[in-house]
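Enquirer: Here you go, this is entry27.cif (mmCIF, C-alpha atoms and all ligand atoms).
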data_entry
#
loop_
_atom_site.label_atom_id
_atom_site.label_comp_id
_atom_site.auth_asym_id
_atom_site.auth_seq_id
_atom_site.Cartn_x
_atom_site.Cartn_y
_atom_site.Cartn_z
CA MET L 1 -30.48 -10.60 19.82
CA PHE L 2 -30.15 -13.37 22.36
CA PRO L 3 -27.78 -16.32 22.28
CA ALA L 4 -28.94 -19.91 22.28
CA LYS L 5 -28.76 -21.51 25.72
CA ILE L 6 -25.17 -21.83 27.01
CA GLU L 7 -24.88 -24.77 29.43
CA LYS L 8 -21.56 -23.95 31.05
CA TYR L 9 -19.18 -21.03 31.55
CA VAL L 10 -15.70 -21.59 33.01
CA ARG L 11 -12.82 -19.24 33.73
CA PRO L 12 -9.65 -21.38 34.06
CA GLN L 13 -6.40 -20.12 35.57
CA SER L 14 -3.97 -22.01 33.33
CA ILE L 15 -3.54 -23.27 29.76
CA ALA L 16 -3.79 -26.87 30.98
CA GLU L 17 -7.09 -26.16 32.75
CA ALA L 18 -8.45 -24.40 29.66
CA LEU L 19 -7.63 -27.34 27.41
CA ALA L 20 -9.09 -29.78 29.95
CA ALA L 21 -12.33 -27.75 30.11
CA LEU L 22 -12.56 -27.73 26.31
CA GLY L 23 -11.97 -31.51 26.23
CA GLU L 24 -15.02 -32.19 28.44
CA PHE L 25 -17.25 -31.42 25.45
CA GLU L 26 -17.55 -32.90 21.97
CA GLU L 27 -15.26 -31.14 19.48
CA GLY L 28 -16.86 -27.85 18.45
CA ASP L 29 -19.36 -27.73 21.35
CA ALA L 30 -17.06 -25.72 23.63
CA MET L 31 -15.16 -22.60 22.55
CA PHE L 32 -12.59 -20.20 23.91
CA LEU L 33 -13.53 -16.62 24.65
CA ALA L 34 -10.81 -13.94 24.55
CA GLY L 35 -11.97 -10.31 24.35
CA GLY L 36 -15.39 -11.32 23.00
CA GLN L 37 -15.36 -8.55 20.38
CA SER L 38 -16.07 -10.97 17.53
CA ALA L 39 -17.22 -14.10 19.35
CA MET L 40 -20.07 -12.43 21.25
CA GLN L 41 -21.58 -11.01 18.04
CA ALA L 42 -21.43 -14.46 16.46
CA ILE L 43 -22.98 -16.07 19.55
CA LYS L 44 -25.76 -13.47 19.83
CA SER L 45 -26.65 -13.87 16.16
CA ARG L 46 -26.58 -17.68 16.68
CA MET L 47 -23.95 -18.10 14.01
CA LEU L 48 -22.15 -19.91 16.86
CA ARG L 49 -24.07 -21.94 19.48
CA PRO L 50 -21.51 -23.17 22.01
CA GLU L 51 -22.64 -25.39 24.88
CA CYS L 52 -19.66 -24.24 26.92
CA ILE L 53 -17.59 -21.06 26.98
CA VAL L 54 -14.02 -21.28 28.24
CA ASP L 55 -13.09 -17.71 29.14
CA LEU L 56 -9.31 -17.16 28.89
CA GLN L 57 -9.10 -13.82 30.65
CA ASN L 58 -7.61 -15.11 33.93
CA ILE L 59 -4.72 -17.01 32.35
CA SER L 60 -1.68 -14.88 33.06
CA GLU L 61 0.68 -17.16 31.07
CA LEU L 62 -1.19 -16.06 27.92
CA LYS L 63 -0.50 -12.37 28.53
CA GLY L 64 2.38 -10.00 27.92
CA ILE L 65 4.94 -8.70 25.47
CA ASP L 66 8.47 -10.12 25.59
CA ALA L 67 11.05 -8.46 23.38
CA ALA L 68 14.10 -10.21 24.85
CA ALA L 69 17.04 -11.10 22.60
CA GLY L 70 15.81 -8.93 19.75
CA GLY L 71 12.90 -11.18 18.82
CA LEU L 72 9.33 -10.68 19.94
CA ARG L 73 6.67 -12.82 21.62
CA ILE L 74 3.19 -11.50 22.31
CA GLY L 75 0.89 -13.64 24.47
CA ALA L 76 -2.41 -14.54 22.80
CA MET L 77 -4.44 -12.74 25.51
CA THR L 78 -2.51 -9.48 25.16
CA ARG L 79 -5.00 -6.72 24.45
CA TYR L 80 -4.72 -4.13 21.66
CA VAL L 81 -4.30 -1.30 24.17
CA GLU L 82 -1.13 -2.89 25.56
CA ILE L 83 0.27 -3.49 22.07
CA ALA L 84 -0.49 0.09 21.03
CA GLN L 85 1.28 1.48 24.10
CA SER L 86 4.30 -0.84 24.21
CA ALA L 87 7.65 0.91 23.92
CA ALA L 88 9.15 -2.38 22.64
CA LEU L 89 7.23 -2.18 19.37
CA ASN L 90 9.33 0.10 17.25
CA GLY L 91 11.44 -0.40 14.11
CA ALA L 92 10.73 -3.85 12.68
CA PHE L 93 7.66 -4.31 14.88
CA ALA L 94 6.17 -0.82 14.67
CA ALA L 95 3.39 -2.00 12.29
CA LEU L 96 1.86 -3.98 15.17
CA ALA L 97 1.53 -0.85 17.28
CA ASP L 98 0.26 1.14 14.26
CA ALA L 99 -2.53 -1.41 13.78
CA ALA L 100 -3.40 -1.91 17.44
CA ALA L 101 -3.66 1.84 18.03
CA ARG L 102 -6.47 2.14 15.45
CA VAL L 103 -8.43 -1.12 15.81
CA GLY L 104 -12.07 -0.31 16.44
CA ASP L 105 -12.81 2.21 19.16
CA ARG L 106 -11.40 2.52 22.68
CA GLN L 107 -13.76 -0.12 24.03
CA VAL L 108 -12.70 -2.66 21.38
CA ARG L 109 -9.01 -1.89 22.02
CA ASN L 110 -9.48 -2.36 25.77
CA ARG L 111 -11.06 -5.81 25.34
CA GLY L 112 -9.86 -7.26 22.01
CA THR L 113 -6.73 -9.42 21.86
CA ILE L 114 -4.16 -10.31 19.23
CA GLY L 115 -4.96 -14.01 19.75
CA GLY L 116 -8.68 -13.52 19.21
CA SER L 117 -8.06 -11.51 16.07
CA VAL L 118 -5.71 -14.01 14.40
CA CYS L 119 -7.85 -17.03 15.41
CA TRP L 120 -11.03 -15.38 14.11
CA ASN L 121 -9.30 -14.14 10.91
CA TYR L 122 -12.12 -11.91 9.76
CA MET L 123 -11.58 -10.84 6.13
CA ALA L 124 -11.24 -7.12 6.89
CA SER L 125 -9.23 -7.45 10.11
CA CYS L 126 -5.99 -5.54 10.55
CA MET L 127 -4.00 -7.90 12.76
CA PRO L 128 -3.97 -11.02 10.52
CA ALA L 129 -2.63 -8.88 7.63
CA VAL L 130 -0.02 -7.28 9.88
CA VAL L 131 1.11 -10.63 11.31
CA LEU L 132 1.40 -11.85 7.70
CA GLY L 133 3.27 -8.74 6.60
CA THR L 134 5.73 -8.90 9.50
CA ASN L 135 6.28 -12.67 9.15
CA GLY L 136 4.88 -13.75 12.53
CA THR L 137 4.54 -17.33 13.79
CA MET L 138 1.52 -18.72 15.65
CA ASN L 139 2.36 -20.97 18.62
CA LEU L 140 -0.27 -23.54 19.57
CA THR L 141 -0.71 -26.15 22.30
CA ALA L 142 -2.99 -29.19 21.95
CA ALA L 143 -4.94 -31.02 24.65
CA ASN L 144 -2.28 -33.77 24.82
CA GLY L 145 0.37 -31.12 25.53
CA GLY L 146 1.78 -31.26 22.00
CA GLU L 147 3.06 -27.94 20.70
CA ARG L 148 3.43 -26.69 17.16
CA SER L 149 4.34 -23.41 15.50
CA ILE L 150 2.83 -22.30 12.21
CA ALA L 151 4.19 -19.47 10.05
CA ALA L 152 1.65 -16.81 9.10
CA ASP L 153 1.94 -17.81 5.42
CA ASP L 154 0.52 -21.24 6.34
CA PHE L 155 -1.79 -20.24 9.22
CA PHE L 156 -4.28 -17.93 7.49
CA LEU L 157 -6.30 -20.08 5.09
CA GLY L 158 -9.07 -17.63 4.12
CA PRO L 159 -11.80 -15.57 5.79
CA LEU L 160 -12.72 -17.10 9.19
CA GLU L 161 -10.41 -20.05 8.50
CA THR L 162 -7.03 -20.87 9.97
CA ALA L 163 -4.78 -23.92 10.34
CA ARG L 164 -5.62 -24.09 14.08
CA GLU L 165 -7.46 -27.27 15.11
CA ASP L 166 -10.54 -26.77 17.32
CA THR L 167 -8.74 -28.67 20.09
CA GLU L 168 -5.71 -26.33 20.10
CA ILE L 169 -5.17 -23.13 22.04
CA LEU L 170 -3.10 -20.31 20.58
CA THR L 171 -0.59 -19.40 23.27
CA SER L 172 1.38 -16.64 21.55
CA VAL L 173 2.46 -15.00 18.32
CA SER L 174 6.23 -14.65 17.88
CA TRP L 175 8.77 -13.11 15.53
CA ASP L 176 12.45 -13.91 14.98
CA ALA L 177 14.97 -11.19 15.70
CA PRO L 178 15.07 -9.02 12.56
CA VAL L 179 18.28 -8.09 10.78
CA SER L 180 19.42 -4.62 11.79
CA LYS L 181 17.91 -1.75 9.82
CA THR L 182 14.42 -3.23 9.50
CA GLY L 183 11.29 -1.12 9.72
CA SER L 184 7.57 -1.76 9.33
CA ALA L 185 4.39 0.29 9.16
CA TYR L 186 0.63 -0.24 8.75
CA LYS L 187 -2.22 2.05 7.87
CA LYS L 188 -5.87 1.41 7.12
CA TRP L 189 -8.66 3.43 5.60
CA GLY L 190 -12.28 2.92 6.67
CA LEU L 191 -15.56 4.68 6.11
CA VAL L 192 -15.58 5.64 9.77
CA THR L 193 -12.45 6.48 11.73
CA ASP L 194 -11.50 3.52 13.92
CA ALA L 195 -13.81 1.10 12.08
CA LEU L 196 -12.84 -2.07 10.25
CA PRO L 197 -10.73 -1.19 7.20
CA VAL L 198 -11.99 -1.02 3.64
CA VAL L 199 -8.33 -1.50 2.79
CA GLY L 200 -5.17 -1.51 4.90
CA VAL L 201 -1.54 -1.96 3.85
CA CYS L 202 1.41 -3.30 5.87
CA VAL L 203 5.02 -2.99 4.67
CA ARG L 204 8.17 -4.36 6.28
CA VAL L 205 11.56 -3.65 4.71
CA SER L 206 15.20 -4.23 5.58
CA VAL L 207 17.93 -1.95 4.27
CA GLY L 208 21.46 -3.22 3.53
CA GLY L 209 24.79 -1.46 4.04
CA ASP L 210 24.58 0.11 0.56
CA GLY L 211 21.17 1.64 1.39
CA THR L 212 19.16 -0.60 -0.92
CA CYS L 213 16.27 -2.82 0.13
CA SER L 214 17.53 -6.31 1.05
CA ASP L 215 14.17 -7.78 2.14
CA ALA L 216 10.55 -6.72 1.66
CA ARG L 217 7.15 -8.03 2.73
CA VAL L 218 3.91 -6.32 1.78
CA SER L 219 0.42 -7.40 2.85
CA ILE L 220 -3.05 -6.01 2.28
CA SER L 221 -6.15 -6.20 4.51
CA GLY L 222 -9.74 -5.78 3.34
CA LEU L 223 -9.57 -8.08 0.30
CA ALA L 224 -12.38 -10.59 -0.24
CA GLY L 225 -9.93 -13.41 0.44
CA GLY L 226 -8.77 -11.86 3.73
CA GLY L 227 -5.27 -10.58 4.44
CA GLU L 228 -2.96 -11.38 1.53
CA ARG L 229 0.65 -10.75 0.59
CA ALA L 230 1.45 -8.61 -2.43
CA PRO L 231 4.36 -10.43 -4.15
CA ALA L 232 4.49 -7.99 -7.09
CA ALA L 233 5.20 -5.10 -4.73
CA GLU L 234 7.74 -7.14 -2.75
CA THR L 235 9.67 -7.96 -5.93
CA ALA L 236 9.60 -4.33 -7.04
CA LEU L 237 10.89 -3.06 -3.67
CA LEU L 238 13.69 -5.63 -3.38
CA GLY L 239 16.98 -4.07 -4.49
CA SER L 240 15.41 -0.65 -4.88
CA ASP L 241 16.68 2.48 -3.15
CA GLY L 242 13.33 3.07 -1.43
CA SER L 243 12.91 6.37 -3.23
CA THR L 244 9.51 7.93 -3.81
CA ALA L 245 9.59 6.75 -7.43
CA ALA L 246 10.57 3.18 -6.48
CA ILE L 247 7.82 3.00 -3.86
CA ALA L 248 5.22 4.38 -6.28
CA LYS L 249 6.18 1.76 -8.87
CA ALA L 250 5.91 -1.02 -6.28
CA MET L 251 2.51 0.11 -5.04
CA ASP L 252 1.19 0.48 -8.59
CA ALA L 253 2.23 -3.16 -9.07
CA ALA L 254 0.46 -4.15 -5.83
CA ALA L 255 -2.72 -2.36 -6.89
CA GLU L 256 -2.74 -3.89 -10.37
CA ALA L 257 -2.18 -7.42 -9.08
CA ALA L 258 -4.64 -7.24 -6.16
CA ASP L 259 -7.92 -9.13 -6.55
CA THR L 260 -10.10 -6.26 -5.30
CA HIS L 261 -13.88 -6.51 -5.05
CA SER L 262 -16.81 -4.10 -5.09
CA ASP L 263 -19.32 -3.84 -2.26
CA MET L 264 -21.37 -1.15 -0.52
CA SER L 265 -18.23 0.35 1.08
CA ALA L 266 -16.13 0.82 -2.08
CA ASP L 267 -15.80 -0.45 -5.62
CA ALA L 268 -12.86 -2.45 -6.92
CA ASP L 269 -11.12 0.56 -8.54
CA TYR L 270 -11.43 2.62 -5.39
CA ARG L 271 -9.85 -0.23 -3.41
CA ARG L 272 -6.97 -0.29 -5.92
CA GLN L 273 -6.46 3.44 -5.45
CA LEU L 274 -6.43 2.96 -1.67
CA ILE L 275 -3.71 0.32 -2.05
CA ARG L 276 -1.64 2.82 -4.08
CA ASN L 277 -2.09 5.72 -1.66
CA LEU L 278 -1.83 3.85 1.64
CA GLY L 279 1.00 1.72 0.24
CA ARG L 280 3.09 4.76 -0.65
CA GLU L 281 2.60 6.23 2.78
CA VAL L 282 3.38 3.10 4.78
CA ALA L 283 6.32 2.05 2.60
CA ALA L 284 7.92 5.49 3.07
CA SER L 285 7.34 5.18 6.80
CA ALA L 286 8.79 1.62 6.89
CA PHE L 287 11.96 2.77 5.04
CA ALA L 288 12.33 5.75 7.38
CA ARG L 289 12.00 3.47 10.42
CA ALA L 290 14.49 0.99 8.94
CA ARG L 291 17.06 3.75 8.38
CA THR L 292 16.81 5.16 11.90
C1 LIG L 301 -17.06 -2.12 16.79
C2 LIG L 301 -15.91 -3.01 16.35
C3 LIG L 301 -14.92 -2.47 15.54
C4 LIG L 301 -13.84 -3.25 15.14
N1 LIG L 301 -12.88 -2.70 14.37
C5 LIG L 301 -11.82 -3.43 13.99
C6 LIG L 301 -10.75 -2.87 13.23
O1 LIG L 301 -10.74 -1.69 12.90
N2 LIG L 301 -9.72 -3.68 12.88
C7 LIG L 301 -9.67 -5.00 13.25
O2 LIG L 301 -8.72 -5.68 12.92
N3 LIG L 301 -10.65 -5.56 13.99
C8 LIG L 301 -11.71 -4.81 14.38
N4 LIG L 301 -12.70 -5.39 15.14
C9 LIG L 301 -12.60 -6.81 15.53
C10 LIG L 301 -11.70 -6.93 16.77
O3 LIG L 301 -10.38 -6.79 16.33
C11 LIG L 301 -11.83 -8.23 17.59
O4 LIG L 301 -11.26 -7.96 18.83
C12 LIG L 301 -11.10 -9.43 17.12
O5 LIG L 301 -11.56 -9.77 15.86
C13 LIG L 301 -11.35 -10.62 18.05
O6 LIG L 301 -10.52 -10.58 19.19
P1 LIG L 301 -11.13 -10.93 20.62
O7 LIG L 301 -10.02 -10.95 21.59
O8 LIG L 301 -12.26 -10.05 20.92
O9 LIG L 301 -11.59 -12.47 20.39
P2 LIG L 301 -12.98 -13.18 20.63
O10 LIG L 301 -14.05 -12.46 19.94
O11 LIG L 301 -13.18 -13.49 22.07
O12 LIG L 301 -12.66 -14.58 19.90
C14 LIG L 301 -12.60 -14.66 18.49
C15 LIG L 301 -12.37 -16.12 18.09
O13 LIG L 301 -11.06 -16.54 18.41
C16 LIG L 301 -11.07 -17.71 19.25
N5 LIG L 301 -9.96 -17.54 20.19
C17 LIG L 301 -9.70 -16.42 20.91
N6 LIG L 301 -8.55 -16.58 21.60
C18 LIG L 301 -8.09 -17.81 21.30
C19 LIG L 301 -6.93 -18.55 21.69
N7 LIG L 301 -6.00 -18.05 22.53
N8 LIG L 301 -6.76 -19.79 21.18
C20 LIG L 301 -7.68 -20.31 20.33
N9 LIG L 301 -8.78 -19.66 19.93
C21 LIG L 301 -8.98 -18.43 20.41
C22 LIG L 301 -12.45 -17.70 19.90
O14 LIG L 301 -12.86 -19.01 20.28
C23 LIG L 301 -13.31 -17.14 18.78
O15 LIG L 301 -13.64 -18.14 17.87
C24 LIG L 301 -13.78 -4.62 15.57
C25 LIG L 301 -14.77 -5.15 16.40
C26 LIG L 301 -15.83 -4.36 16.81
C27 LIG L 301 -16.87 -4.94 17.71
#
Before anything else, please render the file you have as structure tokens.

Expert:
Amino acid sequence: MFPAKIEKYVRPQSIAEALAALGEFEEGDAMFLAGGQSAMQAIKSRMLRPECIVDLQNISELKGIDAAAGGLRIGAMTRYVEIAQSAALNGAFAALADAAARVGDRQVRNRGTIGGSVCWNYMASCMPAVVLGTNGTMNLTAANGGERSIAADDFFLGPLETAREDTEILTSVSWDAPVSKTGSAYKKWGLVTDALPVVGVCVRVSVGGDGTCSDARVSISGLAGGGERAPAAETALLGSDGSTAAIAKAMDAAAEAADTHSDMSADADYRRQLIRNLGREVAASAFARART
């Protein structure tokens, strides 16, 4: 398939230049390009017909992983391969590395970025669900220089929809420093290894001094509505001892409450069973990471 005619292609060196290039066109006529792993398919199929492409790959201020002071900031143009291999992403942030290590195939991981994934917010994507499950914040800059930060709970509005305005650039995703003894994990299941998930589950838990769960977030990828939290599982985990029985009860609750759908990849019951099985595995892993 061939794209519609693209009038202009620019490769700015800074965020300010990128926003200025976008502003030369009517809103919606120019678009950012990150790794191109979703955008190029949409452009080739003419789902998107941009007049101008603003390629972000030369903007060094959008790249890198900064784990200073216990928190975490990942530049929007940081590629999956760097996230998967980062030694900083353990404990509370290990789910990010779990997800990045299995997104697509090697080619997708070498090109695709965390920023592109959260801005595209494809329904089956791993990274939006993991950012939701780990309580990330999206940091945006507008053409007038104005900055705003949006919590994941408010950023992801539904498949292919986010709270980002067309005139804003995502500069980074960040996380507050977690309380000590916090661990997270993510695992997906797909029809083909390293393909988009049919279902994925992310769990982040904190463990208090008495060994019980003091905070829990659970999110699911692959639902028709996109990445969603699983409040029933979070409530069940909170205050529990993180035992096999407690985790099983929580993931049964997640599976029962989830609005699963049937399609050619799996039916609704099969998706529920995946939530149970994957959920048990990742919750056990998250508790183990929290305790070490
Ligand atoms: C074969 C294949 C397998 C895949 N498997 C998986 C998988 O298993 N799990 C998974 O989660 N995903 C998977 N994906 C999707 C992949 O994760 C994409 O990389 C991701 O969806 C888009 O990231 P990107 O950097 O390529 O962004 P692009 O495709 O370049 O951009 C996506 C969108 O985000 C916008 N955008 C990008 N960066 C910014 C920014 N900084 N500010 C504002 N807007 C921005 C663009 O304008 C565009 O609208 C797969 C893709 C392919 C091709």

Enquirer: Given a cut-off of 6 Å, what residues near ligand LIG 301 (chain L) show up using all atoms listed in the file, put as a PyMOL selection string?

Expert: chain L and resi 31-39+76+103-104+108+112-113+115-117+119-120+125-127+169-171+194-197

Enquirer: Please tabulate, as a tab-separated table, the residues of segment 112-169 of chain L that come within 9 Å of segment 204-222 of chain L, each with its closest pair of atoms and the distance in Å to one decimal, counting all atoms listed in the file and ordering rows by chain, then residue number upward.

Expert:
residue	atom	partner	partner_atom	distance
L:Met123	CA	L:Gly222	CA	6.1
L:Ala124	CA	L:Gly222	CA	4.1
L:Ser125	CA	L:Ser221	CA	6.5
L:Cys126	CA	L:Ser221	CA	6.1
L:Met127	CA	L:Ser221	CA	8.7
L:Pro128	CA	L:Ser221	CA	8.0
L:Ala129	CA	L:Ser221	CA	5.4
L:Val130	CA	L:Ser219	CA	7.0
L:Leu132	CA	L:Ser219	CA	6.7
L:Gly133	CA	L:Ser219	CA	4.9
L:Thr134	CA	L:Arg204	CA	6.1
L:Asn135	CA	L:Arg217	CA	8.0

Enquirer: Nearest to Val201 of chain L: which of L:Ala266, L:Leu96, L:Val282, L:Val179 is it, counting only C-alpha atoms?

Expert: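 Of L:Ala266, L:Leu96, L:Val282, L:Val179, the one nearest Val201 of chain L, counting only C-alpha atoms, is L:Val282.
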
Enquirer: Report, in Å with one decimal, the straight-line distance from atom CA of Phe93 of chain L to atom CA of Gly71 of chain L.

Expert: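 Result for atom CA of Phe93 of chain L versus atom CA of Gly71 of chain L: 9.5 Å, one decimal.
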
Enquirer: Given the choices L:Met47, L:Ile150, L:Ala254, L:Val192, which gets closest to Asp105 of chain L if the distance is worked out from all atoms listed in the file?

Expert: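 The shortest atom-to-atom distance to Asp105 of chain L comes from L:Val192.
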
Enquirer: With only C-alpha atoms as the atoms that count, which of L:Ala20, L:Ser174, L:Thr193, L:Val203 lies nearest to Ile65 of chain L?

Expert: L:Ser174

Enquirer: Between L:Gly183, L:Gly227, L:Pro50, L:Gly28, which residue has the minimum interatomic distance to Glu7 of chain L, considering all atoms listed in the file?

Expert: L:Pro50

Enquirer: Point out the residue among L:Pro12, L:Gly279, L:Gly200, L:Gly225 with the least atom-to-atom distance to Gly158 of chain L, counting only C-alpha atoms.

Expert: L:Gly225

Enquirer: Report as a PDB file with C-alpha atoms, keeping the file's coordinate frame all protein, DNA and RNA residues lying within 6 Å of Ala95 of chain L, evaluated on all atoms listed in the file, omitting residues in the same chain fewer than 2 positions from it.

Expert:
ATOM      1  CA  PHE L  93       7.660  -4.310  14.880  1.00  0.00           C
ATOM      2  CA  ALA L  97       1.530  -0.850  17.280  1.00  0.00           C
ATOM      3  CA  ASP L  98       0.260   1.140  14.260  1.00  0.00           C
ATOM      4  CA  SER L 184       7.570  -1.760   9.330  1.00  0.00           C
ATOM      5  CA  ALA L 185       4.390   0.290   9.160  1.00  0.00           C
ATOM      6  CA  TYR L 186       0.630  -0.240   8.750  1.00  0.00           C
TER       7      TYR L 186
END

Enquirer: Please measure the separation of atom CA of Leu278 of chain L and atom CA of Arg291 of chain L, giving the value in Å to one decimal.

Expert: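 About the pair atom CA of Leu278 of chain L and atom CA of Arg291 of chain L: they are 20.1 Å apart.
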
Enquirer: When you draw a straight line from atom CA of Tyr122 of chain L to atom CA of Glu161 of chain L, how long is it in Å?

Expert: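 Between these atoms lies a distance of 8.4 Å.
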
Enquirer: Any idea what's packed within 8 Å of Pro178 of chain L, counting all atoms listed in the file, ignoring anything in its chain fewer than 4 positions away? Could you give it as a list in words?

Expert: Gly70, Gly71, Ala92 and Thr182 of chain L

Enquirer: Can you work out which one of L:Arg46, L:Cys52, L:Met138, L:Lys188 has the shortest atom-to-atom distance to Glu24 of chain L, counting only C-alpha atoms?

Expert: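 Counting only C-alpha atoms, the residue closest to Glu24 of chain L is L:Cys52.
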
Enquirer: Near Leu62 of chain L, counting all atoms listed in the file, which residues have an atom at most 9 Å away, once you skip same-chain residues fewer than 5 positions from it, shown as a list in words?

Expert: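 Everything that qualifies: Ser14, Ile15, Leu56, Gln57, Ile74, Gly75, Ala76, Met77, Thr78, Leu170, Thr171 and Ser172 of chain L.
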
Enquirer: Could you give me, as a PyMOL selection string, the residues within 7 Å of Arg148 of chain L, counting only C-alpha atoms and dropping anything in the same chain fewer than 4 positions from it?

Expert: chain L and resi 139-141
